>>> print(open('structure.txt').read())   # compact mmCIF, C-alpha atoms
# COMPACT_ATOMS: atom_id res chain seq x y z
CA MET A 1 164.67 150.63 240.30
CA ALA A 2 164.57 153.27 243.06
CA LEU A 3 167.16 155.99 242.92
CA PRO A 4 170.08 155.61 245.33
CA GLN A 5 169.55 156.76 248.90
CA ASP A 6 172.77 158.74 248.93
CA ALA A 7 171.58 161.09 246.20
CA PRO A 8 172.39 164.79 246.62
CA PRO A 9 169.54 166.99 247.93
CA ALA A 10 166.98 168.15 245.37
CA ARG A 11 167.43 171.67 244.07
CA TYR A 12 164.74 174.26 243.38
CA LEU A 13 164.76 177.37 241.22
CA ASP A 14 165.93 179.34 244.28
CA ASP A 15 169.12 177.25 244.35
CA MET A 16 169.98 177.54 240.67
CA LYS A 17 172.84 179.73 239.50
CA THR A 18 174.77 179.94 236.26
CA GLY A 19 177.97 177.98 236.69
CA LEU A 20 176.60 175.56 239.28
CA ARG A 21 178.37 172.30 238.55
CA PHE A 22 177.56 168.65 239.17
CA ALA A 23 179.00 165.23 238.42
CA GLY A 24 177.76 161.71 238.97
CA LYS A 25 178.90 158.17 239.51
CA ALA A 26 179.86 155.89 236.65
CA ARG A 27 177.72 152.98 235.43
CA VAL A 28 178.74 150.13 233.20
CA VAL A 29 176.74 149.49 230.02
CA ARG A 30 176.25 145.82 229.16
CA GLU A 31 175.95 144.29 225.69
CA ARG A 32 172.56 142.79 226.55
CA GLU A 33 171.23 146.24 227.48
CA ILE A 34 172.44 147.73 224.20
CA ILE A 35 170.76 144.97 222.22
CA ALA A 36 167.54 144.98 224.26
CA PHE A 37 167.03 148.72 223.85
CA ALA A 38 167.82 148.64 220.15
CA ARG A 39 165.56 145.67 219.40
CA GLN A 40 162.70 147.74 220.75
CA PHE A 41 163.50 151.19 219.39
CA ASP A 42 166.40 151.16 216.91
CA PRO A 43 166.78 147.68 215.37
CA GLN A 44 169.73 148.31 213.09
CA PRO A 45 172.60 145.79 212.59
CA PHE A 46 175.23 147.90 214.36
CA HIS A 47 172.97 148.06 217.46
CA ILE A 48 171.57 144.51 217.65
CA ASP A 49 173.94 142.02 215.98
CA THR A 50 177.53 141.69 217.18
CA SER A 51 178.70 139.80 214.06
CA LEU A 52 177.11 142.15 211.54
CA ALA A 53 178.22 145.16 213.60
CA ASP A 54 181.87 144.13 213.12
CA GLN A 55 181.45 144.70 209.38
CA THR A 56 180.04 148.22 209.67
CA LEU A 57 181.98 151.46 209.85
CA PHE A 58 181.69 151.26 213.64
CA GLY A 59 183.73 148.04 213.77
CA GLY A 60 181.55 146.55 216.46
CA LEU A 61 178.35 146.84 218.42
CA ILE A 62 177.40 150.37 219.54
CA ALA A 63 174.49 151.69 221.57
CA SER A 64 171.71 153.63 219.88
CA GLY A 65 172.19 157.35 220.45
CA TRP A 66 168.71 157.37 221.99
CA HIS A 67 169.84 154.69 224.41
CA THR A 68 172.77 156.91 225.37
CA ALA A 69 170.30 159.76 225.84
CA ALA A 70 168.01 157.62 227.99
CA MET A 71 170.89 156.37 230.16
CA THR A 72 172.07 159.97 230.52
CA MET A 73 168.63 160.94 231.83
CA ARG A 74 169.04 158.38 234.59
CA LEU A 75 172.54 159.67 235.35
CA LEU A 76 171.20 163.23 235.45
CA LEU A 77 168.42 162.32 237.90
CA GLU A 78 170.96 160.73 240.22
CA ALA A 79 173.62 163.46 239.94
CA PHE A 80 171.40 166.55 239.91
CA PRO A 81 167.96 165.92 241.42
CA ILE A 82 165.44 168.72 241.06
CA GLY A 83 162.59 169.45 243.46
CA GLU A 84 159.18 168.43 242.07
CA GLY A 85 160.87 166.60 239.22
CA THR A 86 163.22 166.98 236.29
CA ILE A 87 160.86 168.20 233.61
CA GLY A 88 162.48 168.58 230.19
CA LEU A 89 160.97 170.99 227.70
CA GLY A 90 163.47 170.12 225.04
CA SER A 91 167.05 169.16 224.47
CA GLU A 92 169.87 169.33 221.97
CA VAL A 93 172.13 166.30 221.82
CA THR A 94 175.16 165.26 219.80
CA TRP A 95 176.93 161.92 219.92
CA PRO A 96 180.62 162.56 219.14
CA ASN A 97 181.65 158.99 220.08
CA PRO A 98 179.63 155.80 220.42
CA VAL A 99 178.94 153.86 223.61
CA ARG A 100 180.21 150.27 223.37
CA ALA A 101 179.57 147.19 225.50
CA ASN A 102 181.25 147.34 228.92
CA ASP A 103 181.93 151.05 228.66
CA SER A 104 181.63 152.85 231.97
CA ILE A 105 179.84 156.17 231.55
CA HIS A 106 179.24 159.12 233.85
CA ILE A 107 177.81 162.62 233.59
CA GLU A 108 179.43 166.01 234.20
CA GLY A 109 177.46 169.19 233.82
CA GLU A 110 176.63 172.71 234.81
CA VAL A 111 173.81 175.21 234.83
CA SER A 112 174.34 177.53 231.87
CA ALA A 113 171.29 179.79 232.24
CA VAL A 114 168.48 180.55 234.70
CA LYS A 115 165.42 182.40 233.44
CA PRO A 116 162.55 183.06 235.86
CA SER A 117 159.16 182.93 234.16
CA ARG A 118 157.55 186.30 233.39
CA SER A 119 154.04 184.94 233.63
CA HIS A 120 154.37 182.53 236.58
CA ASP A 121 156.15 183.63 239.76
CA ASP A 122 156.62 180.07 240.95
CA ARG A 123 158.77 178.71 238.13
CA GLY A 124 161.49 179.29 235.59
CA ILE A 125 163.53 177.66 232.86
CA VAL A 126 166.96 176.34 233.77
CA THR A 127 169.37 175.43 230.99
CA VAL A 128 171.77 172.62 231.78
CA ARG A 129 174.77 171.62 229.71
CA ALA A 130 176.02 168.12 230.37
CA GLU A 131 178.56 165.80 228.89
CA THR A 132 178.35 162.05 229.19
CA LYS A 133 181.85 160.59 229.13
CA ASN A 134 183.27 157.09 228.96
CA GLN A 135 186.13 155.56 230.96
CA ASN A 136 188.65 157.19 228.62
CA GLY A 137 187.20 160.66 229.08
CA GLU A 138 185.74 160.63 225.56
CA VAL A 139 182.43 162.46 225.20
CA VAL A 140 179.70 160.05 224.11
CA GLN A 141 176.95 162.65 224.39
CA ALA A 142 176.93 166.41 224.70
CA MET A 143 173.57 167.79 225.76
CA THR A 144 171.96 171.16 226.32
CA ALA A 145 168.60 170.76 228.02
CA ASN A 146 165.90 173.22 229.02
CA LEU A 147 164.22 172.23 232.25
CA LEU A 148 161.07 173.58 233.91
CA VAL A 149 162.05 174.20 237.54
CA PHE A 150 159.82 175.36 240.39
CA ARG A 151 160.56 177.53 243.39
CA ARG A 152 160.54 176.04 246.84
CA LYS A 153 157.05 175.91 248.43
CA SER A 154 155.38 175.94 245.04
CA LYS A 155 151.83 174.62 245.20
CA SER A 156 151.42 174.27 241.45
CA VAL A 157 152.45 170.67 241.16
CA MET B 1 161.19 142.91 216.32
CA ALA B 2 162.01 143.03 212.60
CA LEU B 3 160.87 146.05 210.68
CA PRO B 4 157.74 145.59 208.57
CA GLN B 5 158.16 143.97 205.16
CA ASP B 6 156.13 146.66 203.44
CA ALA B 7 158.59 149.39 204.35
CA PRO B 8 159.40 151.97 201.68
CA PRO B 9 162.68 151.43 199.77
CA ALA B 10 165.85 152.64 201.46
CA ARG B 11 167.17 155.99 200.31
CA TYR B 12 170.78 157.00 199.70
CA LEU B 13 172.43 160.40 199.51
CA ASP B 14 171.76 160.39 195.74
CA ASP B 15 168.02 160.32 196.47
CA MET B 16 167.95 163.09 199.04
CA LYS B 17 166.52 166.50 198.18
CA THR B 18 165.41 169.41 200.31
CA GLY B 19 161.65 169.24 200.63
CA LEU B 20 161.43 165.45 200.28
CA ARG B 21 158.56 164.45 202.56
CA PHE B 22 157.60 161.28 204.38
CA ALA B 23 154.97 160.04 206.81
CA GLY B 24 154.47 156.81 208.70
CA LYS B 25 151.87 154.59 210.24
CA ALA B 26 150.46 155.19 213.70
CA ARG B 27 151.31 153.05 216.73
CA VAL B 28 149.51 152.91 220.03
CA VAL B 29 151.49 153.54 223.22
CA ARG B 30 150.49 151.38 226.18
CA GLU B 31 150.63 152.31 229.85
CA ARG B 32 152.86 149.33 230.62
CA GLU B 33 155.38 150.52 228.01
CA ILE B 34 155.47 154.02 229.50
CA ILE B 35 156.07 152.61 232.97
CA ALA B 36 158.63 150.00 231.87
CA PHE B 37 160.75 152.56 230.02
CA ALA B 38 160.59 155.07 232.86
CA ARG B 39 161.44 152.55 235.56
CA GLN B 40 164.64 151.90 233.70
CA PHE B 41 165.64 155.39 232.57
CA ASP B 42 163.44 158.09 234.09
CA PRO B 43 161.83 156.85 237.33
CA GLN B 44 159.82 159.92 238.29
CA PRO B 45 156.29 159.77 239.75
CA PHE B 46 154.60 161.25 236.66
CA HIS B 47 156.17 158.52 234.51
CA ILE B 48 155.86 155.42 236.71
CA ASP B 49 152.95 155.77 239.13
CA THR B 50 149.42 156.37 237.84
CA SER B 51 148.05 157.48 241.24
CA LEU B 52 150.87 159.90 242.04
CA ALA B 53 150.85 161.17 238.45
CA ASP B 54 147.25 162.32 238.89
CA GLN B 55 148.44 164.77 241.53
CA THR B 56 151.17 166.37 239.40
CA LEU B 57 150.82 169.28 237.00
CA PHE B 58 150.39 166.72 234.20
CA GLY B 59 147.17 165.38 235.72
CA GLY B 60 148.05 161.80 234.87
CA LEU B 61 150.73 159.44 233.65
CA ILE B 62 152.91 160.72 230.79
CA ALA B 63 155.75 159.13 228.86
CA SER B 64 159.31 160.27 229.46
CA GLY B 65 160.41 162.63 226.70
CA TRP B 66 163.27 160.21 226.01
CA HIS B 67 160.74 157.44 225.54
CA THR B 68 158.93 159.61 223.01
CA ALA B 69 162.28 160.20 221.30
CA ALA B 70 163.08 156.47 221.26
CA MET B 71 159.65 155.57 219.87
CA THR B 72 160.08 158.28 217.25
CA MET B 73 163.36 156.66 216.17
CA ARG B 74 161.46 153.46 215.48
CA LEU B 75 158.80 155.36 213.57
CA LEU B 76 161.51 157.13 211.55
CA LEU B 77 163.22 153.85 210.61
CA GLU B 78 159.90 152.50 209.37
CA ALA B 79 158.76 155.62 207.52
CA PHE B 80 162.07 156.77 206.03
CA PRO B 81 164.63 153.95 205.75
CA ILE B 82 168.12 154.97 204.75
CA GLY B 83 170.61 152.78 202.87
CA GLU B 84 173.40 151.46 205.10
CA GLY B 85 171.56 152.67 208.15
CA THR B 86 170.08 155.70 209.87
CA ILE B 87 173.12 157.14 211.62
CA GLY B 88 172.36 160.13 213.81
CA LEU B 89 175.14 162.61 214.55
CA GLY B 90 172.94 164.70 216.76
CA SER B 91 169.43 165.95 217.24
CA GLU B 92 167.40 168.78 218.65
CA VAL B 93 164.10 167.81 220.24
CA THR B 94 161.27 169.63 221.97
CA TRP B 95 158.24 168.07 223.64
CA PRO B 96 155.35 170.55 223.28
CA ASN B 97 152.76 168.04 224.52
CA PRO B 98 153.13 164.81 226.51
CA VAL B 99 152.40 161.28 225.27
CA ARG B 100 149.77 159.56 227.41
CA ALA B 101 148.70 155.94 227.70
CA ASN B 102 146.74 154.70 224.67
CA ASP B 103 147.76 157.64 222.54
CA SER B 104 148.29 156.73 218.90
CA ILE B 105 151.37 158.46 217.52
CA HIS B 106 152.83 158.79 214.03
CA ILE B 107 155.64 160.69 212.35
CA GLU B 108 155.57 163.30 209.57
CA GLY B 109 158.75 164.81 208.27
CA GLU B 110 160.86 166.23 205.50
CA VAL B 111 164.44 166.69 204.43
CA SER B 112 165.42 170.26 205.26
CA ALA B 113 169.06 170.23 204.08
CA VAL B 114 171.49 168.05 202.12
CA LYS B 115 175.21 168.73 202.47
CA PRO B 116 177.66 166.48 200.63
CA SER B 117 180.90 165.96 202.56
CA ARG B 118 183.88 167.99 201.36
CA SER B 119 186.40 165.43 202.57
CA HIS B 120 184.60 162.18 201.63
CA ASP B 121 182.99 161.76 198.21
CA ASP B 122 180.86 158.86 199.36
CA ARG B 123 178.81 160.57 202.05
CA GLY B 124 177.01 163.66 203.28
CA ILE B 125 174.93 165.08 206.08
CA VAL B 126 171.17 165.13 205.65
CA THR B 127 169.07 167.22 207.99
CA VAL B 128 165.60 165.90 208.69
CA ARG B 129 162.82 167.76 210.45
CA ALA B 130 160.11 165.55 211.85
CA GLU B 131 157.07 165.97 214.00
CA THR B 132 155.61 163.17 216.06
CA LYS B 133 151.87 163.73 216.44
CA ASN B 134 149.14 162.11 218.46
CA GLN B 135 145.63 161.09 217.37
CA ASN B 136 144.44 164.70 217.82
CA GLY B 137 147.15 166.13 215.60
CA GLU B 138 148.99 167.59 218.60
CA VAL B 139 152.77 167.62 218.30
CA VAL B 140 154.32 165.47 221.04
CA GLN B 141 157.84 165.87 219.68
CA ALA B 142 159.44 168.22 217.16
CA MET B 143 162.86 167.06 216.03
CA THR B 144 165.65 168.29 213.80
CA ALA B 145 168.21 165.54 213.25
CA ASN B 146 171.51 165.44 211.40
CA LEU B 147 172.09 162.10 209.71
CA LEU B 148 175.21 160.67 208.10
CA VAL B 149 174.03 159.31 204.73
CA PHE B 150 176.07 157.41 202.13
CA ARG B 151 175.88 157.40 198.38
CA ARG B 152 174.70 154.30 196.57
CA LYS B 153 177.52 151.79 195.90
CA SER B 154 179.53 153.13 198.80
CA LYS B 155 182.09 150.62 200.01
CA SER B 156 182.86 152.44 203.22
CA VAL B 157 180.43 150.61 205.44
>>> encode(input="structure.txt", output="structure tokens")
Amino acid sequence: MALPQDAPPARYLDDMKTGLRFAGKARVVREREIIAFARQFDPQPFHIDTSLADQTLFGGLIASGWHTAAMTMRLLLEAFPIGEGTIGLGSEVTWPNPVRANDSIHIEGEVSAVKPSRSHDDRGIVTVRAETKNQNGEVVQAMTANLLVFRRKSKSV
Amino acid sequence: MALPQDAPPARYLDDMKTGLRFAGKARVVREREIIAFARQFDPQPFHIDTSLADQTLFGGLIASGWHTAAMTMRLLLEAFPIGEGTIGLGSEVTWPNPVRANDSIHIEGEVSAVKPSRSHDDRGIVTVRAETKNQNGEVVQAMTANLLVFRRKSKSV
């Protein structure tokens, strides 16, 4: 479960600039993962039952949007590691297309804002916009996330 | 993994009104659940390692925000079932306070907007605002979600 050893170097607030871009490797999503996640958190027919899912407006099994969000978090950690951790304060997500079994998804993103804290010299809020795309280039999740990011040498954490 | 039998009746677009409120039962979040989710989707020290977590700014193990979001989805399904399924188009979430091991969380929410579709008579978009709170009444997640909701007797799904 450890992150890959060939991950890019972790970035700190000092390194963040509007327009800084990143992209990650693809990962394949398996049917059993879709069903396992949904049984626990989102047990609806179109997420947990392949036969029933065929009869819904989705025409087949699709991943819970929250599963897509969770997988995207993993992709974000691997593609854009942040020093002292990727700490989300909040996020806006849309799911324009569903993730289906055996889709291969990856993340592409950029820093859209950097706001140093007024009250704490050692930190700031970095806004990241990221799209999660499937093997056909279709966006399965568009996200704007606000992250708490520390400066290098911070002793607060 | 089935939803409880004493769930409230499913609502359709016909039943939705701005100001309609709902609330659900509490569920306890266990340390092993926090760690299992984070190992899979968000393997950072403050989510997966109790000893290391003590040394972070959180002062102990906390759940991934995406875990809180996923658990909230389950709470939403139980507290506010929707006919033909709870289909999220997108969501805005903030995490004002972390979820910690053995916290007991529940959901409270209301319908904040109902917009019938212009192009499809059988459906509309319902906006739901929901807070997930812990046993002390602290908000661990505030969410605004846009849901695709069908009218009763719809044959589209």
>>> closest_atom_pairs(input="structure.txt", of="chain A", to="chain B", cutoff="10 Å", atoms="all atoms listed in the file", output="JSON lines")
{"residue": "A:Met1", "atom": "CA", "partner": "B:Arg39", "partner_atom": "CA", "distance": 6.0}
{"residue": "A:Ala2", "atom": "CA", "partner": "B:Pro43", "partner_atom": "CA", "distance": 7.3}
{"residue": "A:Leu3", "atom": "CA", "partner": "B:Pro43", "partner_atom": "CA", "distance": 7.8}
{"residue": "A:Phe37", "atom": "CA", "partner": "B:Ala70", "partner_atom": "CA", "distance": 9.1}
{"residue": "A:Ala38", "atom": "CA", "partner": "B:Ala70", "partner_atom": "CA", "distance": 9.2}
{"residue": "A:Arg39", "atom": "CA", "partner": "B:Met1", "partner_atom": "CA", "distance": 6.0}
{"residue": "A:Gln40", "atom": "CA", "partner": "B:Met1", "partner_atom": "CA", "distance": 6.7}
{"residue": "A:Phe41", "atom": "CA", "partner": "B:Arg74", "partner_atom": "CA", "distance": 5.0}
{"residue": "A:Asp42", "atom": "CA", "partner": "B:Arg74", "partner_atom": "CA", "distance": 5.6}
{"residue": "A:Pro43", "atom": "CA", "partner": "B:Ala2", "partner_atom": "CA", "distance": 7.2}
{"residue": "A:Gln44", "atom": "CA", "partner": "B:Gly85", "partner_atom": "CA", "distance": 6.8}
{"residue": "A:Pro45", "atom": "CA", "partner": "B:Gly85", "partner_atom": "CA", "distance": 8.3}
{"residue": "A:Phe46", "atom": "CA", "partner": "B:Gly85", "partner_atom": "CA", "distance": 8.6}
{"residue": "A:Gln55", "atom": "CA", "partner": "B:Val157", "partner_atom": "CA", "distance": 7.2}
{"residue": "A:Thr56", "atom": "CA", "partner": "B:Val157", "partner_atom": "CA", "distance": 4.9}
{"residue": "A:Leu57", "atom": "CA", "partner": "B:Val157", "partner_atom": "CA", "distance": 4.8}
{"residue": "A:Phe58", "atom": "CA", "partner": "B:Val157", "partner_atom": "CA", "distance": 8.3}
{"residue": "A:Gly59", "atom": "CA", "partner": "B:Val157", "partner_atom": "CA", "distance": 9.3}
{"residue": "A:Ser64", "atom": "CA", "partner": "B:Gly88", "partner_atom": "CA", "distance": 8.9}
{"residue": "A:Gly65", "atom": "CA", "partner": "B:Gly88", "partner_atom": "CA", "distance": 7.2}
{"residue": "A:Trp66", "atom": "CA", "partner": "B:Ala70", "partner_atom": "CA", "distance": 5.7}
{"residue": "A:His67", "atom": "CA", "partner": "B:Ala70", "partner_atom": "CA", "distance": 7.7}
{"residue": "A:Ala69", "atom": "CA", "partner": "B:Trp66", "partner_atom": "CA", "distance": 7.0}
{"residue": "A:Ala70", "atom": "CA", "partner": "B:Phe41", "partner_atom": "CA", "distance": 5.6}
{"residue": "A:Met71", "atom": "CA", "partner": "B:Phe41", "partner_atom": "CA", "distance": 5.9}
{"residue": "A:Thr72", "atom": "CA", "partner": "B:Phe41", "partner_atom": "CA", "distance": 8.2}
{"residue": "A:Met73", "atom": "CA", "partner": "B:Asp42", "partner_atom": "CA", "distance": 6.3}
{"residue": "A:Arg74", "atom": "CA", "partner": "B:Phe41", "partner_atom": "CA", "distance": 5.0}
{"residue": "A:Leu75", "atom": "CA", "partner": "B:Phe41", "partner_atom": "CA", "distance": 8.6}
{"residue": "A:Leu76", "atom": "CA", "partner": "B:Asp42", "partner_atom": "CA", "distance": 9.4}
{"residue": "A:Leu77", "atom": "CA", "partner": "B:Asp42", "partner_atom": "CA", "distance": 7.6}
{"residue": "A:Glu84", "atom": "CA", "partner": "B:Thr56", "partner_atom": "CA", "distance": 8.7}
{"residue": "A:Gly85", "atom": "CA", "partner": "B:Gln44", "partner_atom": "CA", "distance": 6.8}
{"residue": "A:Thr86", "atom": "CA", "partner": "B:Gln44", "partner_atom": "CA", "distance": 8.1}
{"residue": "A:Ile87", "atom": "CA", "partner": "B:Gly65", "partner_atom": "CA", "distance": 8.9}
{"residue": "A:Gly88", "atom": "CA", "partner": "B:Gly65", "partner_atom": "CA", "distance": 7.2}
{"residue": "A:Leu89", "atom": "CA", "partner": "B:Trp95", "partner_atom": "CA", "distance": 5.7}
{"residue": "A:Gly90", "atom": "CA", "partner": "B:Thr94", "partner_atom": "CA", "distance": 3.8}
{"residue": "A:Ser91", "atom": "CA", "partner": "B:Val93", "partner_atom": "CA", "distance": 5.3}
{"residue": "A:Glu92", "atom": "CA", "partner": "B:Glu92", "partner_atom": "CA", "distance": 4.2}
{"residue": "A:Val93", "atom": "CA", "partner": "B:Ser91", "partner_atom": "CA", "distance": 5.3}
{"residue": "A:Thr94", "atom": "CA", "partner": "B:Gly90", "partner_atom": "CA", "distance": 3.8}
{"residue": "A:Trp95", "atom": "CA", "partner": "B:Leu89", "partner_atom": "CA", "distance": 5.7}
{"residue": "A:Pro96", "atom": "CA", "partner": "B:Leu89", "partner_atom": "CA", "distance": 7.1}
{"residue": "A:Asn97", "atom": "CA", "partner": "B:Leu89", "partner_atom": "CA", "distance": 9.3}
{"residue": "A:Gln141", "atom": "CA", "partner": "B:Gly90", "partner_atom": "CA", "distance": 8.9}
{"residue": "A:Ala142", "atom": "CA", "partner": "B:Gly90", "partner_atom": "CA", "distance": 9.0}
{"residue": "A:Met143", "atom": "CA", "partner": "B:Glu92", "partner_atom": "CA", "distance": 9.5}
{"residue": "A:Thr144", "atom": "CA", "partner": "B:Glu92", "partner_atom": "CA", "distance": 9.2}
{"residue": "A:Ala145", "atom": "CA", "partner": "B:Val93", "partner_atom": "CA", "distance": 9.5}
{"residue": "A:Asn146", "atom": "CA", "partner": "B:Thr94", "partner_atom": "CA", "distance": 9.2}
{"residue": "A:Lys155", "atom": "CA", "partner": "B:Leu57", "partner_atom": "CA", "distance": 9.8}
{"residue": "A:Ser156", "atom": "CA", "partner": "B:Leu57", "partner_atom": "CA", "distance": 6.7}
{"residue": "A:Val157", "atom": "CA", "partner": "B:Leu57", "partner_atom": "CA", "distance": 4.7}
>>> atom_distance(input="structure.txt", atom1="CA of Ala26 (chain A)", atom2="CA of Phe80 (chain A)")
14.0 Å
>>> residues_near_point(input="structure.txt", point="(177.4, 158.8, 225.3)", cutoff="6 Å", atoms="only C-alpha atoms", output="PyMOL selection string")
chain A and resi 68+99+132+140-141
>>> write_last_selection(input="structure.txt", atoms="C-alpha atoms", output="PDB file, keeping the file's coordinate frame")
ATOM      1  CA  THR A  68     172.770 156.910 225.370  1.00  0.00           C
ATOM      2  CA  VAL A  99     178.940 153.860 223.610  1.00  0.00           C
ATOM      3  CA  THR A 132     178.350 162.050 229.190  1.00  0.00           C
ATOM      4  CA  VAL A 140     179.700 160.050 224.110  1.00  0.00           C
ATOM      5  CA  GLN A 141     176.950 162.650 224.390  1.00  0.00           C
TER       6      GLN A 141
END
>>> residues_near_point(input="structure.txt", point="(165.0, 157.0, 205.5)", cutoff="12 Å", atoms="all atoms listed in the file", output="PDB file with C-alpha atoms, in the frame of the given file")
ATOM      1  CA  ALA B   7     158.590 149.390 204.350  1.00  0.00           C
ATOM      2  CA  PRO B   8     159.400 151.970 201.680  1.00  0.00           C
ATOM      3  CA  PRO B   9     162.680 151.430 199.770  1.00  0.00           C
ATOM      4  CA  ALA B  10     165.850 152.640 201.460  1.00  0.00           C
ATOM      5  CA  ARG B  11     167.170 155.990 200.310  1.00  0.00           C
ATOM      6  CA  TYR B  12     170.780 157.000 199.700  1.00  0.00           C
ATOM      7  CA  LEU B  13     172.430 160.400 199.510  1.00  0.00           C
ATOM      8  CA  ASP B  15     168.020 160.320 196.470  1.00  0.00           C
ATOM      9  CA  MET B  16     167.950 163.090 199.040  1.00  0.00           C
ATOM     10  CA  LEU B  20     161.430 165.450 200.280  1.00  0.00           C
ATOM     11  CA  ARG B  21     158.560 164.450 202.560  1.00  0.00           C
ATOM     12  CA  PHE B  22     157.600 161.280 204.380  1.00  0.00           C
ATOM     13  CA  ALA B  23     154.970 160.040 206.810  1.00  0.00           C
ATOM     14  CA  GLY B  24     154.470 156.810 208.700  1.00  0.00           C
ATOM     15  CA  MET B  73     163.360 156.660 216.170  1.00  0.00           C
ATOM     16  CA  ARG B  74     161.460 153.460 215.480  1.00  0.00           C
ATOM     17  CA  LEU B  75     158.800 155.360 213.570  1.00  0.00           C
ATOM     18  CA  LEU B  76     161.510 157.130 211.550  1.00  0.00           C
ATOM     19  CA  LEU B  77     163.220 153.850 210.610  1.00  0.00           C
ATOM     20  CA  GLU B  78     159.900 152.500 209.370  1.00  0.00           C
ATOM     21  CA  ALA B  79     158.760 155.620 207.520  1.00  0.00           C
ATOM     22  CA  PHE B  80     162.070 156.770 206.030  1.00  0.00           C
ATOM     23  CA  PRO B  81     164.630 153.950 205.750  1.00  0.00           C
ATOM     24  CA  ILE B  82     168.120 154.970 204.750  1.00  0.00           C
ATOM     25  CA  GLY B  83     170.610 152.780 202.870  1.00  0.00           C
ATOM     26  CA  GLU B  84     173.400 151.460 205.100  1.00  0.00           C
ATOM     27  CA  GLY B  85     171.560 152.670 208.150  1.00  0.00           C
ATOM     28  CA  THR B  86     170.080 155.700 209.870  1.00  0.00           C
ATOM     29  CA  ILE B  87     173.120 157.140 211.620  1.00  0.00           C
ATOM     30  CA  GLY B  88     172.360 160.130 213.810  1.00  0.00           C
ATOM     31  CA  GLY B 109     158.750 164.810 208.270  1.00  0.00           C
ATOM     32  CA  GLU B 110     160.860 166.230 205.500  1.00  0.00           C
ATOM     33  CA  VAL B 111     164.440 166.690 204.430  1.00  0.00           C
ATOM     34  CA  VAL B 126     171.170 165.130 205.650  1.00  0.00           C
ATOM     35  CA  THR B 127     169.070 167.220 207.990  1.00  0.00           C
ATOM     36  CA  VAL B 128     165.600 165.900 208.690  1.00  0.00           C
ATOM     37  CA  ALA B 130     160.110 165.550 211.850  1.00  0.00           C
ATOM     38  CA  ALA B 145     168.210 165.540 213.250  1.00  0.00           C
ATOM     39  CA  LEU B 147     172.090 162.100 209.710  1.00  0.00           C
ATOM     40  CA  LEU B 148     175.210 160.670 208.100  1.00  0.00           C
ATOM     41  CA  VAL B 149     174.030 159.310 204.730  1.00  0.00           C
ATOM     42  CA  PHE B 150     176.070 157.410 202.130  1.00  0.00           C
TER      43      PHE B 150
END
>>> atom_distance(input="structure.txt", atom1="CA of Arg32 (chain A)", atom2="CA of Ala36 (chain B)")
16.6 Å
>>> residues_around(input="structure.txt", residues="Asp14 (chain B)", least_positions_apart="4", cutoff="10 Å", atoms="all atoms listed in the file", output="ChimeraX atom specification")
/B:114,116,122-124,149-152
>>> atom_distance(input="structure.txt", atom1="CA of Arg100 (chain B)", atom2="CA of Ala53 (chain B)")
11.2 Å
>>> decode(input="structure.txt", residues="region 73-84 of chain B", atoms="N, CA and C atoms", output="short mmCIF file (atom, residue, chain, number, x, y, z; two decimals), in the first residue's frame")
data_model
loop_
_atom_site.label_atom_id
_atom_site.label_comp_id
_atom_site.auth_asym_id
_atom_site.auth_seq_id
_atom_site.Cartn_x
_atom_site.Cartn_y
_atom_site.Cartn_z
N MET B 73 -22.27 9.62 2.48
CA MET B 73 -23.14 9.10 1.42
C MET B 73 -24.04 8.00 1.96
N ARG B 74 -23.45 7.11 2.74
CA ARG B 74 -24.22 6.03 3.35
C ARG B 74 -25.30 6.58 4.30
N LEU B 75 -24.90 7.56 5.08
CA LEU B 75 -25.86 8.18 6.01
C LEU B 75 -26.99 8.87 5.25
N LEU B 76 -26.65 9.47 4.12
CA LEU B 76 -27.65 10.17 3.29
C LEU B 76 -28.64 9.17 2.70
N LEU B 77 -28.13 8.06 2.20
CA LEU B 77 -29.01 7.03 1.62
C LEU B 77 -30.02 6.53 2.66
N GLU B 78 -29.54 6.39 3.90
CA GLU B 78 -30.40 5.87 4.95
C GLU B 78 -31.41 6.92 5.44
N ALA B 79 -30.98 8.16 5.50
CA ALA B 79 -31.82 9.21 6.08
C ALA B 79 -32.79 9.83 5.07
N PHE B 80 -32.41 9.77 3.78
CA PHE B 80 -33.18 10.52 2.78
C PHE B 80 -33.20 9.74 1.46
N PRO B 81 -33.83 8.55 1.46
CA PRO B 81 -33.84 7.74 0.24
C PRO B 81 -34.62 8.41 -0.88
N ILE B 82 -34.10 8.24 -2.08
CA ILE B 82 -34.72 8.86 -3.25
C ILE B 82 -35.14 7.77 -4.24
N GLY B 83 -36.36 7.89 -4.78
CA GLY B 83 -36.89 6.91 -5.71
C GLY B 83 -36.02 6.80 -6.94
N GLU B 84 -35.73 5.58 -7.35
CA GLU B 84 -34.87 5.29 -8.50
C GLU B 84 -33.40 5.64 -8.27
#
